[in-house]
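Right, one structure below, let's go through it.
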Number of protein chains: 2
Amino acid sequence: MEKKWQELKKRLKEIYDLQSVISLLNWDQNTYMPQTAGGARGSQLAALGRIAHDKLTDPRLGELLEELDGQWPSDSLEADLIRAAKREVDRETKVPADFVSRFYQNTSETYQAWVAAREENRFDKVAPHLERTLELSREYAHYFSGFDHVADPLIDRADYGMKAKELQALFGKLRKQLVPLVEQVTAGPEVSQACIKQHFPKEKQLAYAKQLISAMGFDFNRGRLDLAPHPFMIRLAHDDVRITTRVNEEDVTEVLFSTIHETGHAFYELGIDADLEGTPLHTGASSGIHESQSRLWENVVGRSRAFWQAHYPSLQAAFPSQLGNVSLDDYVRAINRAEKSLIRIEADEFTYNLHVIIRFDLEMAMLEGKLDVKDLPEMWRSRYQSDLGISPTDDNHGVLQDIHWYADFIGGMFQGYTLGNILSCQFYEAACRVHPQIPDEIANGNVSTLHGWLKENVYRHGSRWTTTELVRRATGSEMTIAPYIAYLKRKADELHLGR
Amino acid sequence: MEKKWQELKKRLKEIYDLQSVISLLNWDQNTYMPQTAGGARGSQLAALGRIAHDKLTDPRLGELLEELDGQWPSDSLEADLIRAAKREVDRETKVPADFVSRFYQNTSETYQAWVAAREENRFDKVAPHLERTLELSREYAHYFSGFDHVADPLIDRADYGMKAKELQALFGKLRKQLVPLVEQVTAGPEVSQACIKQHFPKEKQLAYAKQLISAMGFDFNRGRLDLAPHPFMIRLAHDDVRITTRVNEEDVTEVLFSTIHETGHAFYELGIDADLEGTPLHTGASSGIHESQSRLWENVVGRSRAFWQAHYPSLQAAFPSQLGNVSLDDYVRAINRAEKSLIRIEADEFTYNLHVIIRFDLEMAMLEGKLDVKDLPEMWRSRYQSDLGISPTDDNHGVLQDIHWYADFIGGMFQGYTLGNILSCQFYEAACRVHPQIPDEIANGNVSTLHGWLKENVYRHGSRWTTTELVRRATGSEMTIAPYIAYLKRKADELHLGR
């Protein structure tokens with residue numbers, strides 16, 4: 001038995017190493033790779049992908065998992081590890097190789113068509129490709145028999161164990177609360193953002209971002225911050241977690257909040273128990289839990305008045321001519337301005353989830369066969385009108401804005417963002433229940449108690465548990481929108497954003 | 001047959017991709033990897049190494065090579081490719097896995113002992129490890145039966161086809177010419193290097209190095225220049241060749257000549273025919289040929305008065321307070337100063353090969369059993385005294401200075417440097433014979449004719465031919481030291497370095 005266990009761990013470690021190398025190839029491609037090397041990089045990624053696939057679908061690995069399954073108590077680390085490994089093997093085995101190649105072929109064509117469609121600002125140019133993506137998404141689901149809803153296997157890819165029905169109910173409740181709240185906060189006079197929309201030199205912004213996340217506890221001996229076209233976090237090893245950011249010289253908030261956001265993701269991966277390295281448990285539990293950490297640090301902490309009470313003086317010192325005469329309150333109001341807008345990634349905390357829920361609902365409707373791809377732009381406009389009171393007059397500001405459907409599946413693409421927002425407040429509230437001093441500490445520039453609670457209750461367990469189970473263990477209750485709604489209402493009141 | 005050929009190419013391409021990924025892991029480790037990630041990186045490298053080994057020793061690959069061998073004319077590209085692949089497979093197959101692991105174990109221990117020995121400045125602390133390295137080096141050779149000299153299989157690793165006897169004869173002749181030449185050039189009054197040994201800010205040095213190699217034709221769309229503790233060149237793909245450099249803020253020549261040196265290596269790899277990508281021919285022919293290109297660009301071109309006639313104004317513009325009042329002639333004399341010294345990597349063009357030949361001869365003596373490891377420091381001192389007229393009083397300035405023997409084999413470690421110096425002049429002379437305008441063009445900042453000749457006659461052929469064959473094809477004659485000696489004598493005269 002011990003021998004088989006060691007063989008299993010050895011095989012899993014090799015797969016883990018291969019996946020880490022694939023992460024390095026991706027990181028490099030997005031940061032430092034010379035621009036003409038894309039073709040060769042694709043070939044390297046494909047080679048590693050094939051090898052990792054072969055290792056994951058090696059019959060001997062399946063045998064070992066079968067033989068070892070059930071040998072430990074079901075709540076033991078060993079059982080959790082075997083469960084996670086079986087899930088990964090399962091996913092790699094159930095989907096036929098010919099589907100994978102058809103899918104990648106379609107993705108590549110669809111992505112190119114999307115780029116061209118955006119140039120012409122015409123959804124109809126990419127619609128036939130998206131129809132094929134929808135077919136392939138349904139086909140993918142059917143490789144996983146026994147689902148309740150056709151979207152469930154797609155949701156499982158990012159948020160294992162969450163069900164479409166449950167999310168529809170949760171998001172429905174949230175939407176009902178958000179629509180009037182958005183009305184309220186956007187009814188008052190417009191908050192000025194002039195102070196953050198000045199010229200801020202790139203190098204200084206980057207230097208300040210490094211200084212800020214250092215002060216928050218990001219360990220540059222175990223990670224890096226680099227520039228990339230799109231901010232992301234990627235783990236190469238327990239002691240090698242890299243984040244990227246981008247700089248807008250005319251808006252200092254882009255580097256600040258994208259960096260803090262990715263730092264939240266990095267805190268999670270850096271906080272996983274070192275013992276789990278080399279196993280499939282050494283990763284975040286789900287996209288929802290991951291996003292809860294990026295959002296917690298970006299918004300609940302990073303957009304709070306308390307946080308900037310501690311850090312605004314250093315920001316002013318870095319940019320004296322821009323911010324020297326701007327008060328803390330004006331700055332905090334500027335970084336929290338609520339606005340009805342058309343673009344998800346530019347949305348504030350109040351409106352953000354409405355953007356997400358629209359996409360989630362449209363995904364579900366397409367998968368359920370209730371919405372044709374050709375009718376998507378019209379339905380998009382109608383939902384924006386009803387939820388946000390505005391609607392796009394062109395496709396680039398509507399249905400063509402997000403890459404997700406055009407570079408991956410339809411289904412399971414968006415729920416993580418809103419789950420993350422909901423959970424960011426549920427976790428924060430649970431931490432503050434045990435340590436009521438957390439907000440005061442944040443105002444003094446000390447996030448170590450909060451960090452410690454998150455590490456102990458969330459980070460260190462990696463992907464041992466499902467989202468639902470982790471939430472239950474960490475907070476003592478089921479997932480709930482109450483803390484999130486309370487947080488938004490309190491924020492609206494405190495900042496006098498609406499009246 | 002065509003089917004088998006395609007299968008062969010596919011298998012070789014996969015191995016090539018894996019080797020490229022290993023190169024990326026190494027590049028990253030030396031440039032941007034967070035400092036605590038070394039353990040994980042070792043594990044990733046080991047995993048990829050094992051997989052590449054498995055692919056190279058797959059019996060099916062051997063079968064294909066056997067079946068396809070002899071099916072094309074022996075001077076065809078196909079035959080060259082099969083020959084190169086067989087050589088690589090051979091090397092990977094003949095050496096037993098248990099030797100490889102004993103060797104790596106010894107290397108790791110020896111390297112650590114060397115670091116400790118340097119701290120104490122005591123060779124005897126590492127000597128027992130080096131004895132083991134010598135045994136292992138001999139053992140390695142014996143896996144390749146039929147050699148003339150025990151060093152031949154070790155030399156083959158870097159300079160395939162070169163024989164110890166032939167190198168001993170060549171280097172003996174060279175040494176005879178160099179010893180009196182060094183006497184001559186170091187006899188005159190000391191040349192001042194004050195102009196290059198001022199404070200030059202790091203960022204400006206790096207910016208100038210980029211500007212300079214751009215002007216020389218280094219294509220940043222196909223490559224990069226980064227900082228690293230030790231300058232090196234590494235190829236990740238036909239369109240992805242990266243070099244690193246280092247900056248000494250108190251000596252501007254370190255960044256200049258290490259960058260030009262690595263650019264020479266990069267020109268070679270970037271100039272290989274794109275058609276060879278994905279095959280074992282898509283690499284430099286040997287360490288000697290590779291070094292001929294780094295040395296040609298660094299020294300023959302980069303330390304010439306003509307080159308700085310074109311570029312000194314831009315260097316002065318980059319550093320006006322340091323060099324604004326320094327004449328071109330004073331600068332050129334400073335960067336060419338000859339001096340008897342103890343450290344190889346700081347040596348000038350006149351003395352450099354004497355350092356190398358000493359090491360080469362000592363390697364040979366150890367392998368032949370004529371020199372015991374314990375007597376190495378004494379023999380080192382005696383050779384420095386006889387060849388350079390000076391000798392180290394401690395081990396750090398003597399036998400402990402170079403990493404090579406302490407991190408690899410004894411044998412085959414040094415000959416490439418001197419072969420490179422010899423060939424740099426033989427190639428340059430051949431190019432100028434066809435294009436006599438090359439020196440004038442260089443003085444006008446134009447290296448395209450030289451570059452074109454090198455690409456056509458050396459670079460584009462990759463590793464199709466052995467060193468000897470390539471020299472014959474490119475220059476029309478056998479390898480000869482005459483152009484190199486003529487070059488050094490001309491340089492000594494022109495610069496009035498000695499009298």
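The way I read the labels, and the way they are meant: chains A, B, ... in the order of the structure tokens, residue 1 as the first residue of every chain, and ligand 1 as the first ligand shown, with later ones counted on from there.
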**Message:** What are the residues of chain B lining chain A at 7 Å or less? Count only C-alpha atoms, and put the answer as a PyMOL selection string.
**Reply:** chain B and resi 14+17+21+34-37+40+44+47+220-224+237+239-240
Go ahead and dump the residues you just picked, C-alpha atoms, as an mmCIF file, in the first residue's frame.
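Resulting contents of out-v3.cif:
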data_model
loop_
_atom_site.group_PDB
_atom_site.id
_atom_site.type_symbol
_atom_site.label_atom_id
_atom_site.label_comp_id
_atom_site.auth_asym_id
_atom_site.auth_seq_id
_atom_site.Cartn_x
_atom_site.Cartn_y
_atom_site.Cartn_z
ATOM 1 C CA GLU B 14 9.022 16.899 -30.208
ATOM 2 C CA ASP B 17 10.498 21.407 -28.448
ATOM 3 C CA VAL B 21 11.463 24.368 -23.032
ATOM 4 C CA PRO B 34 12.273 34.493 -7.625
ATOM 5 C CA GLN B 35 15.205 33.489 -5.487
ATOM 6 C CA THR B 36 13.509 30.869 -3.333
ATOM 7 C CA ALA B 37 12.170 28.907 -6.314
ATOM 8 C CA ALA B 40 11.088 23.620 -7.651
ATOM 9 C CA GLN B 44 10.950 20.822 -13.249
ATOM 10 C CA ALA B 47 11.202 16.022 -15.088
ATOM 11 C CA PHE B 220 14.766 42.664 -30.990
ATOM 12 C CA ASN B 221 11.659 41.185 -32.597
ATOM 13 C CA ARG B 222 13.498 37.864 -32.578
ATOM 14 C CA GLY B 223 15.471 38.187 -29.390
ATOM 15 C CA ARG B 224 16.067 39.899 -26.076
ATOM 16 C CA ALA B 237 13.446 28.927 -31.144
ATOM 17 C CA ASP B 239 12.774 33.452 -33.758
ATOM 18 C CA ASP B 240 13.600 33.519 -30.069
#
Determine which residues of range 24-166 of chain B DSSP labels as alpha helix (DSSP H) from the backbone of this structure, then write them out as a short mmCIF file (atom, residue, chain, number, x, y, z; two decimals) with N, CA and C atoms, in the first residue's frame.
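Final output, saved to states-v9.cif:
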data_model
loop_
_atom_site.label_atom_id
_atom_site.label_comp_id
_atom_site.auth_asym_id
_atom_site.auth_seq_id
_atom_site.Cartn_x
_atom_site.Cartn_y
_atom_site.Cartn_z
N LEU B 24 14.22 27.51 -21.87
CA LEU B 24 13.44 28.57 -21.23
C LEU B 24 13.56 28.46 -19.70
N LEU B 25 13.47 27.25 -19.18
CA LEU B 25 13.61 27.06 -17.73
C LEU B 25 14.97 27.59 -17.25
N ASN B 26 16.00 27.33 -18.02
CA ASN B 26 17.33 27.81 -17.66
C ASN B 26 17.44 29.33 -17.78
N TRP B 27 16.93 29.86 -18.87
CA TRP B 27 16.98 31.31 -19.05
C TRP B 27 16.28 32.01 -17.89
N ASP B 28 15.08 31.55 -17.58
CA ASP B 28 14.29 32.17 -16.52
C ASP B 28 15.01 32.08 -15.18
N GLN B 29 15.61 30.91 -14.93
CA GLN B 29 16.34 30.71 -13.67
C GLN B 29 17.47 31.73 -13.52
N ASN B 30 18.06 32.12 -14.64
CA ASN B 30 19.18 33.05 -14.59
C ASN B 30 18.80 34.52 -14.75
N THR B 31 17.51 34.77 -14.96
CA THR B 31 17.12 36.17 -15.16
C THR B 31 16.06 36.62 -14.16
N GLY B 38 14.40 27.92 -6.45
CA GLY B 38 15.42 27.04 -7.02
C GLY B 38 15.10 25.55 -6.91
N GLY B 39 14.57 25.15 -5.77
CA GLY B 39 14.26 23.72 -5.58
C GLY B 39 13.22 23.23 -6.58
N ALA B 40 12.15 24.00 -6.71
CA ALA B 40 11.09 23.62 -7.65
C ALA B 40 11.61 23.62 -9.09
N ARG B 41 12.46 24.57 -9.40
CA ARG B 41 13.01 24.63 -10.76
C ARG B 41 13.86 23.40 -11.05
N GLY B 42 14.63 22.97 -10.05
CA GLY B 42 15.42 21.76 -10.23
C GLY B 42 14.53 20.56 -10.54
N SER B 43 13.42 20.49 -9.85
CA SER B 43 12.49 19.38 -10.06
C SER B 43 11.86 19.44 -11.46
N GLN B 44 11.52 20.66 -11.90
CA GLN B 44 10.95 20.82 -13.25
C GLN B 44 11.98 20.44 -14.32
N LEU B 45 13.22 20.88 -14.12
CA LEU B 45 14.26 20.55 -15.09
C LEU B 45 14.51 19.04 -15.14
N ALA B 46 14.49 18.41 -13.96
CA ALA B 46 14.71 16.97 -13.92
C ALA B 46 13.59 16.24 -14.65
N ALA B 47 12.34 16.68 -14.43
CA ALA B 47 11.20 16.02 -15.09
C ALA B 47 11.33 16.13 -16.61
N LEU B 48 11.63 17.33 -17.09
CA LEU B 48 11.76 17.51 -18.54
C LEU B 48 12.96 16.72 -19.08
N GLY B 49 14.04 16.72 -18.32
CA GLY B 49 15.23 15.97 -18.73
C GLY B 49 14.93 14.49 -18.88
N ARG B 50 14.20 13.93 -17.91
CA ARG B 50 13.83 12.51 -17.99
C ARG B 50 12.97 12.23 -19.22
N ILE B 51 12.03 13.12 -19.48
CA ILE B 51 11.13 12.90 -20.62
C ILE B 51 11.91 13.00 -21.93
N ALA B 52 12.78 14.01 -22.03
CA ALA B 52 13.59 14.14 -23.25
C ALA B 52 14.48 12.91 -23.44
N HIS B 53 15.05 12.43 -22.33
CA HIS B 53 15.87 11.22 -22.40
C HIS B 53 15.03 10.03 -22.91
N ASP B 54 13.84 9.87 -22.36
CA ASP B 54 12.97 8.76 -22.79
C ASP B 54 12.65 8.85 -24.28
N LYS B 55 12.41 10.06 -24.75
CA LYS B 55 12.07 10.23 -26.17
C LYS B 55 13.28 9.94 -27.06
N LEU B 56 14.45 10.36 -26.60
CA LEU B 56 15.66 10.17 -27.40
C LEU B 56 16.08 8.70 -27.45
N PRO B 59 13.15 3.08 -28.53
CA PRO B 59 13.66 2.16 -29.56
C PRO B 59 13.10 2.46 -30.96
N ARG B 60 11.88 2.96 -31.00
CA ARG B 60 11.29 3.27 -32.32
C ARG B 60 12.10 4.35 -33.06
N LEU B 61 12.62 5.32 -32.33
CA LEU B 61 13.44 6.34 -32.96
C LEU B 61 14.71 5.72 -33.54
N GLY B 62 15.33 4.84 -32.75
CA GLY B 62 16.52 4.15 -33.23
C GLY B 62 16.23 3.34 -34.49
N GLU B 63 15.13 2.64 -34.48
CA GLU B 63 14.71 1.85 -35.64
C GLU B 63 14.56 2.72 -36.89
N LEU B 64 13.83 3.82 -36.72
CA LEU B 64 13.61 4.72 -37.86
C LEU B 64 14.94 5.20 -38.43
N LEU B 65 15.85 5.57 -37.53
CA LEU B 65 17.15 6.08 -37.99
C LEU B 65 17.92 4.99 -38.74
N GLU B 66 17.86 3.76 -38.21
CA GLU B 66 18.54 2.66 -38.91
C GLU B 66 17.94 2.45 -40.30
N GLU B 67 16.61 2.43 -40.34
CA GLU B 67 15.94 2.14 -41.61
C GLU B 67 16.15 3.22 -42.66
N LEU B 68 16.25 4.47 -42.19
CA LEU B 68 16.36 5.58 -43.14
C LEU B 68 17.81 5.89 -43.51
N LEU B 77 20.99 16.97 -47.37
CA LEU B 77 20.48 17.48 -46.09
C LEU B 77 19.91 16.34 -45.26
N GLU B 78 19.19 15.43 -45.93
CA GLU B 78 18.58 14.31 -45.22
C GLU B 78 19.64 13.46 -44.53
N ALA B 79 20.71 13.16 -45.27
CA ALA B 79 21.77 12.34 -44.68
C ALA B 79 22.43 13.06 -43.51
N ASP B 80 22.64 14.38 -43.65
CA ASP B 80 23.24 15.16 -42.56
C ASP B 80 22.34 15.11 -41.32
N LEU B 81 21.04 15.22 -41.58
CA LEU B 81 20.10 15.23 -40.47
C LEU B 81 20.11 13.87 -39.75
N ILE B 82 20.10 12.81 -40.52
CA ILE B 82 20.11 11.47 -39.91
C ILE B 82 21.40 11.25 -39.13
N ARG B 83 22.50 11.70 -39.67
CA ARG B 83 23.79 11.57 -38.99
C ARG B 83 23.77 12.32 -37.65
N ALA B 84 23.27 13.55 -37.68
CA ALA B 84 23.24 14.35 -36.45
C ALA B 84 22.31 13.71 -35.41
N ALA B 85 21.18 13.20 -35.88
CA ALA B 85 20.23 12.58 -34.95
C ALA B 85 20.82 11.31 -34.34
N LYS B 86 21.49 10.51 -35.19
CA LYS B 86 22.10 9.28 -34.68
C LYS B 86 23.15 9.59 -33.62
N ARG B 87 23.91 10.66 -33.87
CA ARG B 87 24.94 11.05 -32.91
C ARG B 87 24.32 11.40 -31.56
N GLU B 88 23.21 12.14 -31.61
CA GLU B 88 22.55 12.55 -30.37
C GLU B 88 21.96 11.33 -29.64
N VAL B 89 21.32 10.47 -30.40
CA VAL B 89 20.72 9.27 -29.82
C VAL B 89 21.81 8.38 -29.21
N ASP B 90 22.88 8.25 -29.98
CA ASP B 90 24.02 7.46 -29.54
C ASP B 90 24.55 7.90 -28.19
N ARG B 91 24.77 9.19 -28.09
CA ARG B 91 25.32 9.76 -26.86
C ARG B 91 24.38 9.49 -25.68
N GLU B 92 23.08 9.58 -25.95
CA GLU B 92 22.08 9.41 -24.90
C GLU B 92 21.92 7.94 -24.53
N THR B 93 22.22 7.06 -25.48
CA THR B 93 22.00 5.63 -25.25
C THR B 93 23.23 4.95 -24.64
N LYS B 94 24.41 5.38 -25.08
CA LYS B 94 25.62 4.66 -24.67
C LYS B 94 25.97 4.88 -23.20
N ALA B 97 22.18 5.06 -17.42
CA ALA B 97 21.45 5.96 -16.52
C ALA B 97 22.13 6.06 -15.15
N ASP B 98 22.66 4.96 -14.67
CA ASP B 98 23.27 5.02 -13.32
C ASP B 98 24.53 5.87 -13.33
N PHE B 99 25.25 5.88 -14.47
CA PHE B 99 26.40 6.78 -14.57
C PHE B 99 25.93 8.23 -14.49
N VAL B 100 24.88 8.52 -15.24
CA VAL B 100 24.38 9.90 -15.28
C VAL B 100 24.02 10.36 -13.87
N SER B 101 23.37 9.48 -13.10
CA SER B 101 22.98 9.95 -11.77
C SER B 101 24.20 10.06 -10.84
N ARG B 102 25.17 9.14 -10.98
CA ARG B 102 26.39 9.29 -10.18
C ARG B 102 27.13 10.57 -10.56
N PHE B 103 27.12 10.85 -11.86
CA PHE B 103 27.83 12.04 -12.32
C PHE B 103 27.19 13.33 -11.78
N TYR B 104 25.86 13.40 -11.85
CA TYR B 104 25.18 14.60 -11.35
C TYR B 104 25.37 14.75 -9.85
N GLN B 105 25.34 13.63 -9.16
CA GLN B 105 25.57 13.65 -7.72
C GLN B 105 26.95 14.23 -7.43
N ASN B 106 27.94 13.75 -8.16
CA ASN B 106 29.31 14.22 -7.96
C ASN B 106 29.44 15.70 -8.32
N THR B 107 28.80 16.09 -9.41
CA THR B 107 28.88 17.48 -9.84
C THR B 107 28.32 18.40 -8.77
N SER B 108 27.18 18.00 -8.25
CA SER B 108 26.53 18.83 -7.24
C SER B 108 27.41 18.97 -6.00
N GLU B 109 28.00 17.86 -5.56
CA GLU B 109 28.88 17.91 -4.38
C GLU B 109 30.16 18.69 -4.66
N THR B 110 30.72 18.47 -5.85
CA THR B 110 31.97 19.15 -6.21
C THR B 110 31.76 20.65 -6.30
N TYR B 111 30.64 21.02 -6.91
CA TYR B 111 30.36 22.45 -7.04
C TYR B 111 30.28 23.11 -5.67
N GLN B 112 29.56 22.45 -4.76
CA GLN B 112 29.45 23.02 -3.40
C GLN B 112 30.80 23.07 -2.71
N ALA B 113 31.58 22.03 -2.91
CA ALA B 113 32.91 22.01 -2.29
C ALA B 113 33.79 23.11 -2.89
N TRP B 114 33.62 23.36 -4.18
CA TRP B 114 34.39 24.41 -4.84
C TRP B 114 34.04 25.79 -4.25
N VAL B 115 32.73 26.03 -4.08
CA VAL B 115 32.30 27.30 -3.49
C VAL B 115 32.94 27.47 -2.12
N ALA B 116 32.91 26.40 -1.32
CA ALA B 116 33.51 26.46 0.03
C ALA B 116 35.03 26.62 -0.06
N ALA B 117 35.65 25.90 -1.00
CA ALA B 117 37.10 25.98 -1.15
C ALA B 117 37.55 27.38 -1.53
N ARG B 118 36.75 28.04 -2.38
CA ARG B 118 37.08 29.41 -2.77
C ARG B 118 36.98 30.35 -1.58
N GLU B 119 35.98 30.10 -0.73
CA GLU B 119 35.85 30.96 0.45
C GLU B 119 37.10 30.85 1.33
N GLU B 120 37.64 29.66 1.40
CA GLU B 120 38.85 29.47 2.21
C GLU B 120 40.13 29.63 1.41
N ALA B 127 40.03 19.09 -3.67
CA ALA B 127 40.83 18.12 -4.44
C ALA B 127 40.25 16.70 -4.46
N PRO B 128 39.80 16.17 -3.31
CA PRO B 128 39.25 14.80 -3.35
C PRO B 128 38.04 14.68 -4.30
N HIS B 129 37.23 15.74 -4.32
CA HIS B 129 36.08 15.73 -5.24
C HIS B 129 36.56 15.74 -6.69
N LEU B 130 37.59 16.52 -6.94
CA LEU B 130 38.09 16.63 -8.30
C LEU B 130 38.71 15.31 -8.76
N GLU B 131 39.28 14.57 -7.81
CA GLU B 131 39.80 13.24 -8.15
C GLU B 131 38.69 12.32 -8.65
N ARG B 132 37.58 12.42 -7.97
CA ARG B 132 36.41 11.63 -8.37
C ARG B 132 35.92 12.09 -9.76
N THR B 133 35.92 13.39 -9.99
CA THR B 133 35.51 13.92 -11.29
C THR B 133 36.43 13.37 -12.39
N LEU B 134 37.70 13.29 -12.09
CA LEU B 134 38.65 12.76 -13.07
C LEU B 134 38.34 11.28 -13.37
N GLU B 135 38.07 10.51 -12.32
CA GLU B 135 37.67 9.11 -12.54
C GLU B 135 36.42 9.01 -13.41
N LEU B 136 35.44 9.83 -13.07
CA LEU B 136 34.18 9.80 -13.82
C LEU B 136 34.39 10.24 -15.27
N SER B 137 35.29 11.18 -15.48
CA SER B 137 35.57 11.64 -16.84
C SER B 137 36.18 10.52 -17.66
N ARG B 138 37.08 9.77 -17.03
CA ARG B 138 37.67 8.63 -17.73
C ARG B 138 36.61 7.56 -18.00
N GLU B 139 35.75 7.35 -16.99
CA GLU B 139 34.69 6.34 -17.16
C GLU B 139 33.79 6.73 -18.33
N TYR B 140 33.44 8.01 -18.38
CA TYR B 140 32.58 8.50 -19.48
C TYR B 140 33.20 8.15 -20.83
N ALA B 141 34.49 8.46 -20.97
CA ALA B 141 35.18 8.23 -22.24
C ALA B 141 35.07 6.77 -22.65
N HIS B 142 35.15 5.88 -21.67
CA HIS B 142 35.17 4.46 -22.01
C HIS B 142 33.83 3.90 -22.46
N ASP B 152 39.21 12.27 -26.35
CA ASP B 152 38.42 12.49 -27.57
C ASP B 152 36.90 12.46 -27.35
N PRO B 153 36.39 11.47 -26.61
CA PRO B 153 34.94 11.49 -26.41
C PRO B 153 34.46 12.71 -25.61
N LEU B 154 35.33 13.23 -24.75
CA LEU B 154 34.97 14.42 -23.98
C LEU B 154 35.02 15.66 -24.86
N ILE B 155 36.00 15.72 -25.72
CA ILE B 155 36.09 16.84 -26.67
C ILE B 155 34.91 16.80 -27.64
N ASP B 156 34.52 15.57 -28.03
CA ASP B 156 33.37 15.40 -28.94
C ASP B 156 32.10 16.06 -28.44
N ARG B 157 31.92 16.12 -27.12
CA ARG B 157 30.69 16.70 -26.58
C ARG B 157 30.50 18.14 -27.04
N ALA B 158 31.61 18.87 -27.17
CA ALA B 158 31.51 20.28 -27.56
C ALA B 158 31.99 20.52 -28.98
N ALA B 164 42.22 15.06 -29.73
CA ALA B 164 43.17 15.62 -28.76
C ALA B 164 44.55 15.82 -29.37
N LYS B 165 45.02 14.83 -30.11
CA LYS B 165 46.36 14.91 -30.70
C LYS B 165 46.48 16.13 -31.63
N GLU B 166 45.46 16.30 -32.45
CA GLU B 166 45.45 17.38 -33.42
C GLU B 166 45.43 18.75 -32.69
#
**DSSP strand (DSSP E or B) residues within range 225-330 of chain A, as a PyMOL selection string** = chain A and resi 225-227+233-237+240-245+248+251
**Fill in**
The residue from B:Ala228, B:Met364, B:Ile422, B:Ile343 with the smallest atom-to-atom distance to Lys163 in chain B, counting only C-alpha atoms, is B:Met364
Per-residue nearest contacts of range 251-336 of chain B to range 179-196 of chain B (6 Å; only C-alpha atoms) as a Markdown table:
| residue | atom | partner | partner_atom | distance |
| --- | --- | --- | --- | --- |
| B:Asp251 | CA | B:Ile196 | CA | 5.6 |
| B:Val252 | CA | B:Ile196 | CA | 5.7 |
| B:Ala334 | CA | B:Gln193 | CA | 4.8 |
**Asked** What separation in Å, quoted to one decimal, exists between CA of Arg305 in chain B and CA of Tyr331 in chain B?
**Response** 9.2 Å
**Asked** Which neighbours of range 389-400 of chain A fall inside 8 Å, counting only C-alpha atoms, when residues of the same chain fewer than 5 positions from it are skipped, and could you give them as an NGL selection string?
**Response** :A and (114 or 118 or 121-123 or 340-343 or 376-377 or 380-382 or 384)
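Of the listed residues A:Leu227, A:Tyr268, A:Ser321, A:Gln168, the one whose atoms come nearest to Ala151 in chain A is A:Gln168, with distances taken using only C-alpha atoms.
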**Item:** Exercise: Gly288 in chain A partners within 7 Å, only C-alpha atoms, chain neighbours under 5 positions left out, as a PyMOL selection string
**Value:** chain A and resi 159+416-417+419-420
Got time to write the residues from that selection, N, CA and C atoms, as a compact mmCIF listing (two decimals), in the first residue's frame?
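Dumped everything to result.txt:
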# COMPACT_ATOMS: atom_id res chain seq x y z
N ASP A 159 -15.80 25.87 -11.27
CA ASP A 159 -16.36 25.88 -9.92
C ASP A 159 -16.99 24.53 -9.64
N GLY A 416 -17.92 32.76 -11.70
CA GLY A 416 -16.87 32.93 -10.69
C GLY A 416 -16.74 34.35 -10.20
N TYR A 417 -16.94 35.32 -11.11
CA TYR A 417 -16.77 36.72 -10.71
C TYR A 417 -17.76 37.11 -9.63
N LEU A 419 -19.71 35.00 -7.78
CA LEU A 419 -19.47 34.18 -6.59
C LEU A 419 -18.36 34.81 -5.75
N GLY A 420 -17.32 35.27 -6.41
CA GLY A 420 -16.20 35.88 -5.71
C GLY A 420 -16.62 37.12 -4.94
